[in-house]
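Read through the structure below, which is laid out as structure tokens, and then see the notes.
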Amino acid sequence: AERFSTPEAYEDALSGYRGHAGKLLKFLSGVEPQAVVECVEQLIADLPPPSGPHADPRNAFGYIDQRSPTFVLWEATHFVVENCASALVHPGAEPSVEACFRVLFRRRHHIADATLLPVLLNLVAALWASPYRGHWPETVGLLTHCAAIDRSKLGVPPHEGSNEDPDVHSARKRGAALLVRACNDHADVLSAHATHVVHAAQQLIITGKLMPHEVGLIHEALVSLSNAMGDEAGGSLIEAMIGRKPEQLIQIVHDLTPRTTAELLLGDT
């Protein structure tokens, strides 16, 4: 960055470079998909330990800094995988994609760093381009786990002088947002795992650790899933989710008054 006159000039040059690199990766994915998939598998297998060496710079909350070599390698791997999405649908790609999921799911148990968690989630989401479906139960578990993460689950003591942890907040937000995306974009697949999804979501909400907007994201995900399941199955999902049949909800809406609306929003109905 020191070679550029302003930070903006550096950002413009970096953006241009990433754009050209992305186009090249997309081109290679169309020409040599099998070779690209094997390269992706190797890149993910070679990711450095998520804890990072002691020499890695850390931010004020004790997590790996985004300028550290560990973070840069993880983020660069995500960039490659995301731009090689077309190769993941190649008929011979499934074994490599399955191997990638296995590596990432193993790594999740060793990530005690909120800066890296969103990158891990992004890597997992980038692999959704593949038709391989065996990962979804564990993927849902990963997303719901991250959506309720806190410093104690990461093995990190509370930050002195502050209850706010922007890295943890970012990881939680990414987990919830990707759950919504999964239920929107892959509802046809997730409908086969609807019971598992609802159970995971209910356990997440029961913890009482979610902010109201986070609960809203979880409900949005489940409603998107129910919409893809047809009236009967979708209605059963809604009933399992909030304990009311769809027709009961319709009647409640018809009977609403200003007072009962406030009570409903406050959870007293």
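Naming scheme: A, B, ... for chains in displayed order of the structure tokens; residues 1 onward per chain; ligands 1 onward as shown.
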For this session: List the neighbours of stretch 91-103 of chain A out to 6 Å using only C-alpha atoms; skip same-chain residues closer than 2 positions along the sequence, and give me the result as a ChimeraX atom specification.
Result: /A:41,88,105-106,132
For this session: as a count of residues only, please: all residues of stretch 93-207 of chain A that backbone DSSP puts in alpha helix (DSSP H).
Result: 74
Exercise. Quick one: residues within 12 Å of A:His109, only C-alpha atoms counted, chain neighbours fewer than 4 positions away excluded, as a list in words?
Worked result: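 Using only C-alpha atoms, the neighbours found are Pro49, Pro50, Ser51, Arg102, Val103, Leu104, Phe105, Asp113, Leu117, Leu120, Leu142, His145, Cys146, Lys153, Leu154 and Gly155 of chain A.
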Next, dump the selected residues to file, keeping only N, CA and C atoms, as an mmCIF file, in the first residue's frame.
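Now in selection-v5.cif:
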```
data_model
loop_
_atom_site.group_PDB
_atom_site.id
_atom_site.type_symbol
_atom_site.label_atom_id
_atom_site.label_comp_id
_atom_site.auth_asym_id
_atom_site.auth_seq_id
_atom_site.Cartn_x
_atom_site.Cartn_y
_atom_site.Cartn_z
ATOM 1 N N PRO A 49 -3.341 -23.537 10.277
ATOM 2 C CA PRO A 49 -4.149 -23.696 11.493
ATOM 3 C C PRO A 49 -4.881 -22.397 11.824
ATOM 4 N N PRO A 50 -6.170 -22.479 12.140
ATOM 5 C CA PRO A 50 -6.942 -21.253 12.373
ATOM 6 C C PRO A 50 -6.508 -20.467 13.598
ATOM 7 N N SER A 51 -5.769 -21.106 14.501
ATOM 8 C CA SER A 51 -5.307 -20.366 15.679
ATOM 9 C C SER A 51 -4.227 -19.356 15.311
ATOM 10 N N ARG A 102 -15.539 -31.982 4.502
ATOM 11 C CA ARG A 102 -15.016 -32.720 5.659
ATOM 12 C C ARG A 102 -13.904 -31.930 6.336
ATOM 13 N N VAL A 103 -13.000 -31.357 5.541
ATOM 14 C CA VAL A 103 -11.901 -30.569 6.103
ATOM 15 C C VAL A 103 -12.438 -29.357 6.864
ATOM 16 N N LEU A 104 -13.374 -28.642 6.258
ATOM 17 C CA LEU A 104 -13.903 -27.432 6.896
ATOM 18 C C LEU A 104 -14.688 -27.752 8.155
ATOM 19 N N PHE A 105 -15.452 -28.842 8.140
ATOM 20 C CA PHE A 105 -16.204 -29.204 9.340
ATOM 21 C C PHE A 105 -15.264 -29.630 10.468
ATOM 22 N N ASP A 113 -11.602 -18.193 17.052
ATOM 23 C CA ASP A 113 -11.295 -16.834 16.613
ATOM 24 C C ASP A 113 -12.470 -16.277 15.821
ATOM 25 N N LEU A 117 -14.180 -16.939 11.813
ATOM 26 C CA LEU A 117 -15.442 -17.670 11.678
ATOM 27 C C LEU A 117 -16.250 -17.255 10.444
ATOM 28 N N LEU A 120 -14.719 -18.904 7.427
ATOM 29 C CA LEU A 120 -15.083 -20.324 7.375
ATOM 30 C C LEU A 120 -16.495 -20.496 6.827
ATOM 31 N N LEU A 142 -23.649 -26.016 11.858
ATOM 32 C CA LEU A 142 -22.595 -25.002 11.895
ATOM 33 C C LEU A 142 -23.183 -23.598 11.898
ATOM 34 N N HIS A 145 -24.908 -22.848 15.183
ATOM 35 C CA HIS A 145 -23.880 -22.703 16.223
ATOM 36 C C HIS A 145 -23.274 -21.305 16.180
ATOM 37 N N CYS A 146 -22.929 -20.857 14.984
ATOM 38 C CA CYS A 146 -22.292 -19.546 14.842
ATOM 39 C C CYS A 146 -23.269 -18.410 15.107
ATOM 40 N N LYS A 153 -17.996 -19.350 24.441
ATOM 41 C CA LYS A 153 -17.933 -20.543 23.590
ATOM 42 C C LYS A 153 -16.637 -20.599 22.804
ATOM 43 N N LEU A 154 -16.018 -19.445 22.587
ATOM 44 C CA LEU A 154 -14.745 -19.407 21.890
ATOM 45 C C LEU A 154 -13.571 -19.618 22.841
ATOM 46 N N GLY A 155 -13.893 -19.755 24.138
ATOM 47 C CA GLY A 155 -12.822 -19.919 25.110
ATOM 48 C C GLY A 155 -12.066 -18.644 25.381
#
```
Exercise. Quick one, how far is atom CA of A:Leu143 from atom CA of A:Gly175?
Worked result: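 Rounded to one decimal, the two atoms are 4.7 Å apart.
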For this session: Excluding stretch 73-78 of chain A and residues on its chain fewer than 6 positions from it, collect all residues at most 10 Å away from it, counting only C-alpha atoms, and give them as a PyMOL selection string.
Result: chain A and resi 40+43-44+46-50+66+84+116+118-127
Selected residues, C-alpha atoms, written as a PDB file, in the first residue's frame, please.
```pdb
ATOM      1  CA  VAL A  40      -9.573 -26.124  -4.698  1.00  0.00           C
ATOM      2  CA  LEU A  43      -6.014 -25.251  -1.204  1.00  0.00           C
ATOM      3  CA  ILE A  44      -8.572 -26.049   1.486  1.00  0.00           C
ATOM      4  CA  ASP A  46      -3.469 -26.727   3.036  1.00  0.00           C
ATOM      5  CA  LEU A  47      -5.163 -23.933   4.987  1.00  0.00           C
ATOM      6  CA  PRO A  48      -2.977 -22.903   7.936  1.00  0.00           C
ATOM      7  CA  PRO A  49      -4.149 -23.696  11.493  1.00  0.00           C
ATOM      8  CA  PRO A  50      -6.942 -21.253  12.373  1.00  0.00           C
ATOM      9  CA  GLN A  66      -7.193  -9.060   9.122  1.00  0.00           C
ATOM     10  CA  CYS A  84     -14.407 -21.405  -9.254  1.00  0.00           C
ATOM     11  CA  LEU A 116     -11.963 -16.245  11.041  1.00  0.00           C
ATOM     12  CA  PRO A 118     -17.159 -15.592   8.944  1.00  0.00           C
ATOM     13  CA  VAL A 119     -14.446 -16.673   6.486  1.00  0.00           C
ATOM     14  CA  LEU A 120     -15.083 -20.324   7.375  1.00  0.00           C
ATOM     15  CA  LEU A 121     -18.814 -19.770   6.842  1.00  0.00           C
ATOM     16  CA  ASN A 122     -18.158 -18.061   3.506  1.00  0.00           C
ATOM     17  CA  LEU A 123     -16.017 -20.996   2.376  1.00  0.00           C
ATOM     18  CA  VAL A 124     -18.767 -23.451   3.277  1.00  0.00           C
ATOM     19  CA  ALA A 125     -21.361 -21.313   1.460  1.00  0.00           C
ATOM     20  CA  ALA A 126     -19.151 -21.079  -1.642  1.00  0.00           C
ATOM     21  CA  LEU A 127     -19.266 -24.878  -1.904  1.00  0.00           C
TER      22      LEU A 127
END
```
Exercise. What is the atom CA of A:Val198 to atom CA of A:His110 distance in Å?
Worked result: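 If I compute the distance from atom CA of A:Val198 to atom CA of A:His110, I get 26.4 Å.
All residues of protein, DNA or RNA that reach within 7 Å of A:Ser224, judged by only C-alpha atoms and not counting those fewer than 4 positions away in the chain, are Cys183, Asn184, Glu220 and Ala228 of chain A.
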For this session: Write out as a list in words which residues come within 10 Å of A:Ala85 when counting only C-alpha atoms, dropping same-chain ones fewer than 4 positions away.
Result: Leu25, Lys26, Ser29, Gly30, Pro33, Val36, Val37, Val80, Val81, Val89, His90, Ala126, Leu127, Trp128, Ala129 and Ser130 of chain A
Residues near A:His196, cut-off 12 Å, only C-alpha atoms, skip fewer than 4 positions along chain, as a short mmCIF file (atom, residue, chain, number, x, y, z; two decimals) with N, CA and C atoms, in the first residue's frame:
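And here's out.cif as it stands now:
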```cif
data_model
loop_
_atom_site.label_atom_id
_atom_site.label_comp_id
_atom_site.auth_asym_id
_atom_site.auth_seq_id
_atom_site.Cartn_x
_atom_site.Cartn_y
_atom_site.Cartn_z
N TRP A 136 -25.62 -31.07 4.24
CA TRP A 136 -26.59 -30.12 4.78
C TRP A 136 -26.87 -30.27 6.28
N PRO A 137 -27.05 -31.47 6.84
CA PRO A 137 -27.29 -31.52 8.29
C PRO A 137 -26.17 -30.87 9.11
N GLU A 138 -24.91 -31.14 8.74
CA GLU A 138 -23.82 -30.54 9.49
C GLU A 138 -23.68 -29.05 9.17
N THR A 139 -24.02 -28.66 7.95
CA THR A 139 -23.99 -27.24 7.60
C THR A 139 -24.99 -26.45 8.44
N VAL A 140 -26.20 -26.97 8.59
CA VAL A 140 -27.21 -26.30 9.42
C VAL A 140 -26.72 -26.19 10.85
N GLY A 141 -26.11 -27.26 11.36
CA GLY A 141 -25.57 -27.21 12.71
C GLY A 141 -24.50 -26.15 12.88
N THR A 144 -26.25 -22.55 12.80
CA THR A 144 -26.96 -22.23 14.03
C THR A 144 -25.98 -22.07 15.20
N LEU A 190 -33.32 -28.59 1.53
CA LEU A 190 -33.48 -28.52 2.98
C LEU A 190 -34.85 -29.00 3.45
N SER A 191 -35.83 -29.00 2.56
CA SER A 191 -37.15 -29.48 2.96
C SER A 191 -37.09 -30.94 3.41
N ALA A 192 -36.13 -31.70 2.87
CA ALA A 192 -35.95 -33.09 3.29
C ALA A 192 -35.36 -33.18 4.70
N ALA A 200 -32.98 -27.46 15.26
CA ALA A 200 -31.79 -26.63 15.47
C ALA A 200 -32.17 -25.18 15.73
N ALA A 201 -33.16 -24.68 14.99
CA ALA A 201 -33.59 -23.29 15.16
C ALA A 201 -34.27 -23.08 16.51
N GLN A 202 -35.10 -24.06 16.93
CA GLN A 202 -35.76 -23.94 18.22
C GLN A 202 -34.74 -23.94 19.36
N GLN A 203 -33.75 -24.83 19.28
CA GLN A 203 -32.71 -24.86 20.31
C GLN A 203 -31.95 -23.55 20.36
N LEU A 222 -37.02 -19.93 8.41
CA LEU A 222 -37.99 -21.02 8.50
C LEU A 222 -39.23 -20.76 7.66
N LEU A 237 -44.81 -27.14 9.42
CA LEU A 237 -43.54 -26.53 9.82
C LEU A 237 -43.79 -25.28 10.64
N ALA A 240 -44.95 -26.26 14.08
CA ALA A 240 -43.84 -26.73 14.89
C ALA A 240 -42.95 -25.57 15.32
N MET A 241 -42.87 -24.57 14.47
CA MET A 241 -41.97 -23.44 14.73
C MET A 241 -42.50 -22.54 15.84
#
```
Exercise. Looking at A:Lys209, A:Ile218, A:Glu32, A:Arg18, which one is nearest to A:Val197, with distances taken over only C-alpha atoms?
Worked result: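 Closest to A:Val197, using only C-alpha atoms: A:Ile218.
Of the listed residues (A:Lys23, A:Lys173, A:Ala13, A:Val223), A:Lys173 comes nearest to A:Ala148; the distances count only C-alpha atoms.
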Exercise. Taking only C-alpha atoms into account, which of A:Ala45, A:Ala182, A:Ala21, A:Cys39 comes nearest A:Asn83?
Worked result: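 Selected residue with least distance to A:Asn83: A:Ala21.
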For this session: Go through A:Asp188, A:Arg172, A:Ala147, A:Ala35 one by one, measure the shortest atom-to-atom distance of each to A:Ile205 using only C-alpha atoms, and give the residue with the smallest value.
Result: A:Ala147
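For the pair atom CA of A:Pro166 and atom CA of A:Ala221, the interatomic distance is 23.4 Å.
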